[in-house]
$ cat final-v9.cif   # mmCIF, C-alpha atoms
data_upload
loop_
_atom_site.label_atom_id
_atom_site.label_comp_id
_atom_site.auth_asym_id
_atom_site.auth_seq_id
_atom_site.Cartn_x
_atom_site.Cartn_y
_atom_site.Cartn_z
CA MET A 1 -19.68 5.78 12.02
CA ASN A 2 -22.59 3.87 10.53
CA GLN A 3 -22.80 6.41 7.72
CA LEU A 4 -19.10 6.04 6.94
CA LEU A 5 -19.43 2.25 6.98
CA LYS A 6 -22.35 2.41 4.56
CA LYS A 7 -20.40 4.66 2.20
CA ALA A 8 -17.32 2.45 2.35
CA ARG A 9 -19.31 -0.67 1.55
CA GLN A 10 -21.05 1.04 -1.35
CA MET A 11 -17.75 2.37 -2.71
CA LEU A 12 -16.23 -1.08 -2.48
CA GLU A 13 -19.13 -3.11 -3.91
CA LYS A 14 -20.48 -0.65 -6.49
CA ASN A 15 -17.27 0.91 -7.77
CA ILE A 16 -13.95 -0.67 -6.93
CA ILE A 17 -14.74 -4.38 -7.08
CA PRO A 18 -16.76 -4.29 -10.35
CA PHE A 19 -14.19 -2.08 -12.06
CA TRP A 20 -11.32 -4.47 -11.33
CA GLN A 21 -13.35 -7.56 -12.10
CA ASN A 22 -13.99 -6.09 -15.54
CA LEU A 23 -10.21 -5.83 -16.14
CA ARG A 24 -9.72 -9.58 -15.81
CA ASP A 25 -7.79 -10.95 -18.78
CA ASP A 26 -9.21 -14.40 -19.46
CA TYR A 27 -7.09 -14.93 -22.57
CA TYR A 28 -3.55 -14.16 -21.45
CA GLY A 29 -4.14 -14.32 -17.71
CA GLY A 30 -3.85 -11.76 -14.98
CA TYR A 31 -5.38 -8.32 -15.33
CA ILE A 32 -5.11 -5.66 -18.00
CA GLY A 33 -2.17 -3.45 -17.10
CA HIS A 34 -3.14 -0.03 -18.45
CA VAL A 35 -6.22 2.19 -18.66
CA ASP A 36 -5.65 5.79 -19.69
CA PHE A 37 -7.43 8.93 -18.51
CA SER A 38 -10.15 8.57 -21.16
CA MET A 39 -10.85 5.01 -19.91
CA GLN A 40 -9.32 3.35 -22.97
CA LEU A 41 -8.00 -0.13 -22.18
CA ASP A 42 -4.65 -1.24 -23.60
CA THR A 43 -4.92 -5.03 -23.68
CA LYS A 44 -1.31 -5.34 -24.89
CA ALA A 45 0.22 -3.20 -22.15
CA GLU A 46 2.87 -4.47 -19.77
CA LYS A 47 1.58 -6.09 -16.61
CA GLY A 48 3.35 -4.76 -13.54
CA CYS A 49 4.17 -7.35 -10.92
CA ILE A 50 3.50 -4.85 -8.13
CA LEU A 51 0.09 -4.26 -9.70
CA HIS A 52 -0.62 -7.98 -9.73
CA SER A 53 0.61 -8.47 -6.16
CA ARG A 54 -1.76 -5.76 -5.04
CA ILE A 55 -4.67 -7.20 -7.02
CA LEU A 56 -4.00 -10.60 -5.46
CA TRP A 57 -3.92 -9.03 -2.00
CA PHE A 58 -7.12 -7.07 -2.69
CA PHE A 59 -9.26 -9.93 -3.94
CA SER A 60 -7.96 -12.24 -1.21
CA GLU A 61 -8.79 -9.77 1.55
CA ALA A 62 -12.15 -8.84 0.02
CA ALA A 63 -13.12 -12.50 -0.31
CA LEU A 64 -12.17 -13.12 3.32
CA LEU A 65 -14.06 -10.12 4.66
CA LEU A 66 -17.18 -10.31 2.48
CA ASN A 67 -17.30 -14.12 2.22
CA ARG A 68 -17.78 -13.96 -1.55
CA MET A 69 -16.80 -16.95 -3.65
CA ASP A 70 -16.63 -14.88 -6.84
CA LEU A 71 -13.86 -12.80 -5.28
CA ALA A 72 -12.05 -15.95 -4.22
CA ALA A 73 -12.18 -17.04 -7.87
CA ASP A 74 -10.70 -13.68 -8.89
CA ALA A 75 -7.91 -14.20 -6.37
CA GLU A 76 -7.27 -17.68 -7.77
CA HIS A 77 -7.11 -16.24 -11.30
CA VAL A 78 -4.44 -13.68 -10.46
CA TYR A 79 -2.54 -16.14 -8.24
CA SER A 80 -2.23 -18.55 -11.17
CA PHE A 81 -0.83 -15.82 -13.44
CA PHE A 82 1.44 -14.51 -10.73
CA ILE A 83 3.18 -17.78 -9.89
CA GLN A 84 3.52 -18.74 -13.55
CA HIS A 85 4.89 -15.47 -14.87
CA CYS A 86 5.94 -12.99 -12.16
CA LEU A 87 8.17 -15.31 -10.14
CA ASP A 88 11.73 -16.00 -11.28
CA TRP A 89 12.05 -19.72 -10.78
CA ASP A 90 15.74 -19.74 -11.71
CA TYR A 91 17.18 -16.96 -9.54
CA GLY A 92 14.43 -16.38 -7.01
CA GLY A 93 12.18 -13.44 -6.31
CA VAL A 94 9.70 -11.43 -8.31
CA TYR A 95 10.30 -9.53 -11.55
CA TRP A 96 9.37 -5.88 -11.92
CA ALA A 97 7.15 -6.32 -15.00
CA VAL A 98 6.07 -8.83 -17.63
CA SER A 99 4.43 -8.37 -21.01
CA PHE A 100 0.72 -8.76 -21.64
CA ASP A 101 1.28 -12.48 -22.27
CA GLY A 102 3.53 -13.00 -19.25
CA THR A 103 6.98 -12.76 -20.84
CA PRO A 104 9.48 -11.00 -18.52
CA VAL A 105 10.29 -7.50 -19.78
CA ASP A 106 11.91 -5.93 -16.71
CA MET A 107 13.78 -8.44 -14.58
CA THR A 108 14.81 -5.94 -11.91
CA LYS A 109 14.46 -7.37 -8.42
CA HIS A 110 13.38 -4.74 -5.91
CA THR A 111 12.83 -5.24 -2.20
CA TYR A 112 9.64 -3.18 -2.41
CA ASN A 113 8.32 -5.58 -5.03
CA GLN A 114 9.31 -8.69 -3.05
CA ALA A 115 7.51 -7.23 -0.04
CA PHE A 116 4.22 -6.79 -1.86
CA ALA A 117 4.42 -10.30 -3.24
CA LEU A 118 4.90 -11.60 0.31
CA TYR A 119 2.00 -9.45 1.50
CA ALA A 120 -0.26 -10.83 -1.23
CA LEU A 121 0.73 -14.46 -0.74
CA SER A 122 0.10 -14.14 3.00
CA SER A 123 -3.46 -12.97 2.39
CA TYR A 124 -4.04 -15.59 -0.26
CA TYR A 125 -2.81 -18.27 2.14
CA ARG A 126 -5.18 -17.01 4.84
CA LEU A 127 -8.01 -17.28 2.31
CA THR A 128 -7.22 -20.69 0.81
CA LYS A 129 -4.77 -22.45 3.15
CA ASN A 130 -2.91 -23.36 -0.03
CA PRO A 131 0.39 -24.88 1.21
CA ASN A 132 2.24 -23.80 -1.92
CA ALA A 133 1.34 -20.16 -1.27
CA LYS A 134 2.73 -20.49 2.25
CA LYS A 135 5.90 -22.11 0.94
CA LEU A 136 6.41 -19.30 -1.59
CA ALA A 137 5.80 -16.70 1.11
CA TYR A 138 8.51 -18.24 3.29
CA GLN A 139 10.89 -18.28 0.34
CA LEU A 140 10.31 -14.56 -0.24
CA PHE A 141 10.72 -13.75 3.45
CA ASP A 142 14.01 -15.65 3.56
CA LEU A 143 15.12 -13.99 0.33
CA ILE A 144 14.47 -10.48 1.67
CA GLN A 145 16.26 -11.26 4.92
CA THR A 146 19.31 -12.83 3.25
CA ARG A 147 19.66 -10.68 0.12
CA ALA A 148 18.35 -7.28 1.22
CA TYR A 149 18.87 -6.98 4.97
CA ASP A 150 22.44 -5.86 5.72
CA GLY A 151 22.26 -5.47 9.49
CA VAL A 152 21.59 -1.74 9.22
CA GLY A 153 18.51 -1.69 7.04
CA TYR A 154 17.35 -2.98 3.68
CA LEU A 155 19.15 -2.72 0.38
CA GLU A 156 16.60 -2.04 -2.33
CA ALA A 157 17.45 -2.46 -6.01
CA PHE A 158 19.06 -5.52 -7.63
CA ASP A 159 19.47 -7.01 -11.07
CA ARG A 160 18.07 -10.44 -11.90
CA ASN A 161 21.08 -12.18 -10.31
CA TRP A 162 20.74 -10.12 -7.10
CA ASN A 163 23.65 -7.81 -7.75
CA PRO A 164 22.95 -4.31 -6.34
CA VAL A 165 21.99 -1.64 -8.88
CA SER A 166 20.95 2.01 -8.75
CA ASN A 167 17.61 2.67 -7.05
CA GLU A 168 15.78 4.82 -9.61
CA LYS A 169 12.53 2.90 -9.24
CA LEU A 170 11.93 4.08 -5.66
CA SER A 171 13.65 7.45 -5.91
CA GLU A 172 11.97 10.74 -6.84
CA ASN A 173 12.31 14.49 -6.39
CA GLY A 174 15.72 14.62 -8.09
CA VAL A 175 17.61 12.27 -5.77
CA ILE A 176 18.77 8.67 -6.04
CA ALA A 177 18.36 7.12 -2.61
CA GLY A 178 20.29 4.23 -1.14
CA ARG A 179 17.46 3.58 1.30
CA THR A 180 13.89 4.85 1.38
CA MET A 181 11.23 5.24 4.03
CA ASN A 182 8.68 3.89 1.56
CA THR A 183 10.40 0.54 1.06
CA LEU A 184 10.98 0.09 4.79
CA LEU A 185 7.33 0.87 5.53
CA HIS A 186 6.06 -1.73 3.10
CA VAL A 187 8.52 -4.40 4.17
CA PHE A 188 7.08 -3.88 7.65
CA GLU A 189 3.56 -4.08 6.22
CA ALA A 190 4.41 -7.32 4.41
CA TYR A 191 5.96 -8.83 7.51
CA SER A 192 2.88 -7.81 9.50
CA GLY A 193 0.65 -9.64 7.03
CA PHE A 194 2.94 -12.67 7.07
CA TYR A 195 3.06 -12.66 10.88
CA ARG A 196 -0.74 -12.48 10.99
CA ALA A 197 -0.83 -15.60 8.80
CA THR A 198 1.91 -17.61 10.55
CA GLN A 199 2.71 -16.19 14.03
CA ASP A 200 6.33 -17.08 13.21
CA LYS A 201 8.72 -15.68 15.84
CA ARG A 202 11.40 -14.99 13.20
CA VAL A 203 8.98 -12.67 11.43
CA GLY A 204 8.10 -10.94 14.67
CA ASP A 205 11.80 -10.42 15.42
CA ALA A 206 12.31 -8.86 11.97
CA MET A 207 9.35 -6.55 12.62
CA ARG A 208 10.99 -5.41 15.86
CA GLN A 209 14.20 -4.63 13.99
CA ILE A 210 12.29 -2.49 11.52
CA LEU A 211 10.49 -0.65 14.31
CA GLN A 212 13.85 0.18 15.85
CA ILE A 213 15.01 1.68 12.55
CA TYR A 214 11.71 3.54 12.32
CA GLN A 215 12.15 5.10 15.75
CA GLU A 216 15.85 5.87 15.47
CA LYS A 217 16.43 6.69 11.80
CA ILE A 218 13.17 7.43 9.98
CA PHE A 219 11.21 9.53 12.46
CA ASN A 220 12.48 13.10 12.84
CA SER A 221 11.34 14.20 16.29
CA GLU A 222 12.38 17.82 15.72
CA LYS A 223 10.26 18.18 12.58
CA CYS A 224 7.49 15.79 13.70
CA ARG A 225 7.68 13.85 10.44
CA GLN A 226 9.35 10.96 8.68
CA GLU A 227 12.35 11.58 6.49
CA VAL A 228 11.92 10.08 3.04
CA PHE A 229 15.13 9.50 1.06
CA PHE A 230 18.46 8.48 2.62
CA ASP A 231 22.01 7.53 1.77
CA MET A 232 23.26 4.16 2.96
CA ASN A 233 23.99 5.60 6.43
CA TYR A 234 20.49 7.02 6.87
CA HIS A 235 21.47 10.62 6.26
CA SER A 236 18.46 12.40 4.77
CA LEU A 237 19.04 13.55 1.18
CA ILE A 238 16.28 16.11 0.79
CA ASP A 239 13.97 18.41 2.76
CA LEU A 240 10.76 16.58 1.94
CA HIS A 241 7.64 16.01 3.99
CA SER A 242 5.47 13.31 2.43
CA TYR A 243 2.05 13.98 3.88
CA GLY A 244 0.56 10.82 2.40
CA HIS A 245 3.22 8.50 3.78
CA ASP A 246 3.03 10.05 7.23
CA ILE A 247 -0.71 9.56 7.56
CA GLU A 248 -0.42 6.07 6.08
CA SER A 249 2.34 5.13 8.50
CA SER A 250 0.38 6.50 11.46
CA TRP A 251 -2.20 3.72 11.26
CA LEU A 252 -0.32 1.01 9.37
CA ILE A 253 2.61 0.84 11.77
CA ASP A 254 0.26 0.96 14.77
CA ASP A 255 -1.60 -1.99 13.27
CA GLY A 256 1.49 -4.11 12.76
CA CYS A 257 3.03 -3.18 16.09
CA SER A 258 -0.15 -4.27 17.87
CA LEU A 259 0.34 -7.80 16.57
CA LEU A 260 3.52 -8.14 18.64
CA GLN A 261 1.60 -7.64 21.91
CA ASP A 262 4.47 -5.73 23.50
CA GLU A 263 3.03 -2.98 25.67
CA THR A 264 6.28 -1.06 26.07
CA LEU A 265 7.02 -1.10 22.36
CA CYS A 266 3.45 -0.16 21.47
CA THR A 267 3.51 2.81 23.85
CA ALA A 268 6.61 4.23 22.18
CA VAL A 269 5.51 3.56 18.60
CA PHE A 270 1.92 4.73 19.13
CA ALA A 271 3.21 8.03 20.49
CA ILE A 272 5.27 8.64 17.34
CA ASN A 273 2.30 7.85 15.13
CA ASP A 274 0.07 10.22 17.10
CA ILE A 275 2.58 12.97 16.33
CA LEU A 276 2.59 12.14 12.62
CA ALA A 277 -1.20 12.12 12.30
CA LYS A 278 -1.70 15.26 14.40
CA ASN A 279 0.84 17.12 12.28
CA ILE A 280 -0.90 16.10 9.04
CA TYR A 281 -4.25 17.19 10.46
CA GLU A 282 -2.84 20.59 11.40
CA ILE A 283 -0.76 21.45 8.32
CA ALA A 284 -1.92 19.34 5.34
CA TYR A 285 -5.66 18.86 5.85
CA GLN A 286 -7.07 21.78 3.87
CA ASN A 287 -10.27 22.38 1.91
CA HIS A 288 -11.81 18.98 2.69
CA SER A 289 -8.74 17.02 1.54
CA VAL A 290 -5.04 16.46 2.19
CA LEU A 291 -2.20 17.98 0.18
CA ASN A 292 0.40 15.76 -1.44
CA GLU A 293 3.76 16.76 0.04
CA CYS A 294 6.05 19.68 0.86
CA GLU A 295 9.53 20.02 -0.65
CA ASN A 296 11.96 22.68 0.62
CA GLY A 297 9.09 24.45 2.37
CA LYS A 298 6.89 24.62 -0.74
CA PRO A 299 3.66 22.59 -0.52
CA ASP A 300 2.43 20.58 -3.51
CA GLU A 301 -1.29 21.37 -3.50
CA ASN A 302 -2.34 18.60 -5.87
CA ARG A 303 -4.65 16.03 -4.35
CA ILE A 304 -3.48 12.47 -4.98
CA TRP A 305 -5.87 9.52 -4.90
CA TRP A 306 -3.92 7.35 -2.47
CA VAL A 307 -3.20 10.22 -0.09
CA GLN A 308 -6.93 10.83 0.34
CA ALA A 309 -7.63 7.13 0.93
CA GLU A 310 -4.90 6.86 3.56
CA SER A 311 -6.06 10.10 5.20
CA VAL A 312 -9.60 8.80 5.69
CA LEU A 313 -8.21 5.71 7.35
CA GLY A 314 -5.51 7.51 9.31
CA PHE A 315 -7.91 10.03 10.79
CA TYR A 316 -10.49 7.35 11.53
CA HIS A 317 -7.76 5.40 13.32
CA MET A 318 -6.94 8.45 15.44
CA TYR A 319 -10.61 8.76 16.36
CA GLU A 320 -10.63 5.13 17.46
CA LYS A 321 -7.47 5.62 19.53
CA HIS A 322 -8.47 8.81 21.30
CA GLY A 323 -12.18 9.40 20.80
CA ASP A 324 -11.48 12.87 19.37
CA CYS A 325 -14.42 13.69 17.09
CA ARG A 326 -12.34 16.15 15.08
CA TYR A 327 -10.66 13.18 13.44
CA LEU A 328 -13.93 11.40 12.75
CA GLN A 329 -15.26 14.56 11.12
CA ALA A 330 -12.11 14.82 9.00
CA ALA A 331 -12.55 11.22 7.82
CA HIS A 332 -16.15 11.96 6.81
CA ASP A 333 -15.13 15.21 5.16
CA ILE A 334 -12.42 13.65 3.01
CA PHE A 335 -14.64 10.72 2.07
CA ASP A 336 -17.27 13.19 0.85
CA TYR A 337 -14.57 15.00 -1.15
CA ILE A 338 -13.56 11.70 -2.75
CA GLU A 339 -17.16 10.95 -3.74
CA GLN A 340 -17.63 14.40 -5.22
CA HIS A 341 -14.33 14.79 -7.09
CA PHE A 342 -12.33 11.57 -7.48
CA LEU A 343 -14.83 9.12 -8.94
CA VAL A 344 -14.56 8.79 -12.72
CA PRO A 345 -18.08 9.77 -13.89
CA ASP A 346 -19.23 6.54 -15.55
CA GLN A 347 -20.37 3.88 -13.10
CA PRO A 348 -19.09 1.55 -11.86
CA SER A 349 -15.63 3.01 -11.98
CA GLU A 350 -12.31 3.75 -10.35
CA TRP A 351 -10.82 7.00 -9.04
CA PHE A 352 -8.83 9.64 -10.87
CA TRP A 353 -5.14 9.59 -9.99
CA ALA A 354 -4.83 13.27 -9.12
CA LEU A 355 -6.68 16.59 -8.97
CA ASP A 356 -5.31 20.11 -8.96
CA LYS A 357 -5.96 22.39 -5.99
CA ASN A 358 -9.32 23.38 -7.52
CA GLY A 359 -10.52 19.79 -7.77
CA VAL A 360 -9.97 19.44 -11.53
CA PRO A 361 -8.62 16.02 -12.63
CA LEU A 362 -5.12 15.97 -14.12
CA GLN A 363 -5.61 14.49 -17.58
CA ASN A 364 -2.03 13.26 -18.01
CA MET A 365 -2.47 10.68 -15.26
CA ASP A 366 -3.65 7.11 -15.88
CA ILE A 367 -6.60 5.37 -14.29
CA VAL A 368 -4.62 2.08 -14.19
CA ASN A 369 -0.91 1.38 -14.53
CA GLU A 370 1.77 -0.51 -12.61
CA TRP A 371 1.23 1.77 -9.58
CA LYS A 372 -2.47 2.57 -9.86
CA CYS A 373 -4.40 -0.31 -8.39
CA PRO A 374 -7.17 -1.30 -5.91
CA TYR A 375 -4.74 -1.31 -2.99
CA HIS A 376 -5.08 2.08 -1.24
CA ASN A 377 -8.72 2.85 -1.94
CA GLY A 378 -9.75 -0.79 -1.70
CA ARG A 379 -7.91 -1.14 1.58
CA MET A 380 -9.55 2.01 2.93
CA CYS A 381 -12.97 0.49 2.35
CA LEU A 382 -12.03 -2.97 3.60
CA GLU A 383 -10.41 -1.63 6.75
CA LEU A 384 -13.34 0.65 7.60
CA ILE A 385 -15.73 -2.27 7.19
CA ARG A 386 -13.50 -4.59 9.22
CA ARG A 387 -13.11 -2.12 12.07
CA ASN A 388 -16.82 -1.44 12.27
CA LEU A 389 -17.62 -5.16 12.22
CA TYR A 390 -15.10 -5.69 15.02
CA ASP A 391 -16.64 -2.87 17.04
CA ALA A 392 -20.11 -4.36 16.58
CA GLU A 393 -18.92 -7.80 17.71
CA THR A 394 -17.29 -6.46 20.88
CA VAL A 395 -20.18 -4.25 22.05
#

$ encode --input "final-v9.cif" --output "C-alpha cells"
Amino acid sequence: MNQLLKKARQMLEKNIIPFWQNLRDDYYGGYIGHVDFSMQLDTKAEKGCILHSRILWFFSEAALLLNRMDLAADAEHVYSFFIQHCLDWDYGGVYWAVSFDGTPVDMTKHTYNQAFALYALSSYYRLTKNPNAKKLAYQLFDLIQTRAYDGVGYLEAFDRNWNPVSNEKLSENGVIAGRTMNTLLHVFEAYSGFYRATQDKRVGDAMRQILQIYQEKIFNSEKCRQEVFFDMNYHSLIDLHSYGHDIESSWLIDDGCSLLQDETLCTAVFAINDILAKNIYEIAYQNHSVLNECENGKPDENRIWWVQAESVLGFYHMYEKHGDCRYLQAAHDIFDYIEQHFLVPDQPSEWFWALDKNGVPLQNMDIVNEWKCPYHNGRMCLELIRRNLYDAETV
C-alpha cells in the first residue's frame, strides 16, 4: 500500500498537476481546450464546459488534500472563467461549450453537464467557503430536480430554453438513448459531493431516489452488470457491457451511499457493487489492464485511459472492503501498466487517451479535449492518497 501511495503522489505531483497548470490561459481565462496527439496546443480551440467543471473540481480537491495555495489559486482562476462564461445567466444552467474567449458556441443544456458543474462548485465551496459558490450550487441542484427529474428518472438533453432535444451527446454505439446509466451515475456523484458539502436532507433524499433506480432499473442481476442505454421506460436498447463504468460505479456508488449512513441501504448497494467489481476482475482484467467494453458479445480490446484509472481505484476499493489481496495486486499491476504505456514520453505530461491491445498509442486520439481532462486519473491519485492518509490516522 505504501508503494502504491508513493506512486500515486508522484504521478499527481510530477505529471498531472504540472501538465494542467501549464495549460492555464492567462489572457482569455480558463484553460486551453485542445492538445493533439503530437502535444500541439490549440490556443483558439473551444473550451468545453464539462472540461472546465472537471478542472475546477480537480484543483479544488487537490488544494484541499495537499494544502497547496498555488492549487487554490488555479481553482480560483478557473472558477472566475466558469461563472463569467459557462453559466447562462438568462435561462439558467451551464452551456455545453464556449469559444476560446468565452463566447457561447454550443448552448445545449445537458443534465450530465449540470451535474459536473454542481460537483465542481461543491468542492470549490468546501475549499473556499465562498457563499456565491454555494448559492450557485443550490441553483443547479434545484434546476436539475425541477427541469430534469420527471418522477421516473432524469431527462437529459435540452436546448437553451430547457425544451427537450435529442440526446446525441450522451449516446454512442449506434443508438440514441432517452436515458443513460452514465448520466444517472454522475448526477449521483454530483449529489454526493453536494451532500458532503451541505448535509442537506433534500440532497440525501434525491440520492436515495437515484439508488432505487440503480437497484431496480440499471443493475442487471442476471448478467451481473449495469445496462447502459435505455428508452424513456428503462428498456435497454443494446447488448453492451461497459467495463469501465461498472468498475467506476463499484467504488463511486459505495462512496456516496456511505454518506447516507443507512446500514440497510448500504448492505444492499454494497452487494451489487461487489458483483460488478468481481465480474470485471474475472472477465475484463487481462494482460495487466482492463478492456474497454463488450458489445453483442464482442470485446473491445483497446485500453482506454479512464478505464485504467477507475480500475486501479475500483480494485483497491475492493481490497479495502474485503481484504482480498488479489484486488490489491490488480491495482498495483494496472498502475504499473499505466506508468509503462500511458504516460506521454516528455515529462511532466499527461496520459495517452487510448492504446491498442498491444499497448501502442492510438494516434487519432487527443491528449486534451472537452472530455479528456484531469478528472479520472487525477481522482485516482487523489483518492488513493486520501484513503491512505485516512488509514494512517485511524491506526

$ closest_residue --input "final-v9.cif" --among "A:Leu140, A:Arg68, A:Lys201, A:Gly314" --to "Glu383 in chain A" --atoms "all atoms listed in the file"
A:Gly314

$ closest_residue --input "final-v9.cif" --among "A:Trp162, A:Tyr285, A:Trp251, A:Tyr154" --to "Ala206 in chain A" --atoms "all atoms listed in the file"
A:Tyr154

$ atom_distance --input "final-v9.cif" --atom1 "CA of Glu46 in chain A" --atom2 "CA of Ala97 in chain A"
6.7 Å

$ closest_residue --input "final-v9.cif" --among "A:His186, A:His241, A:Arg208, A:Arg303" --to "Phe229 in chain A" --atoms "all atoms listed in the file"
A:His241

$ resolve_selection --input "final-v9.cif" --expression "the PyMOL selection byres ((chain A and resi 341-343) around 8)" --output "ChimeraX atom specification"
/A:305,337-340,344-345,349-355,359-361

$ residues_near_point --input "final-v9.cif" --point "(-15.6, -10.0, -1.8)" --cutoff "12 Å" --atoms "only C-alpha atoms" --output "JSON, numbers by chain"
{"A": [9, 12, 13, 14, 16, 17, 18, 20, 21, 57, 58, 59, 60, 61, 62, 63, 64, 65, 66, 67, 68, 69, 70, 71, 72, 73, 74, 75, 127, 378, 381, 382, 385]}

$ atom_distance --input "final-v9.cif" --atom1 "CA of Glu310 in chain A" --atom2 "CA of Gln329 in chain A"
15.0 Å
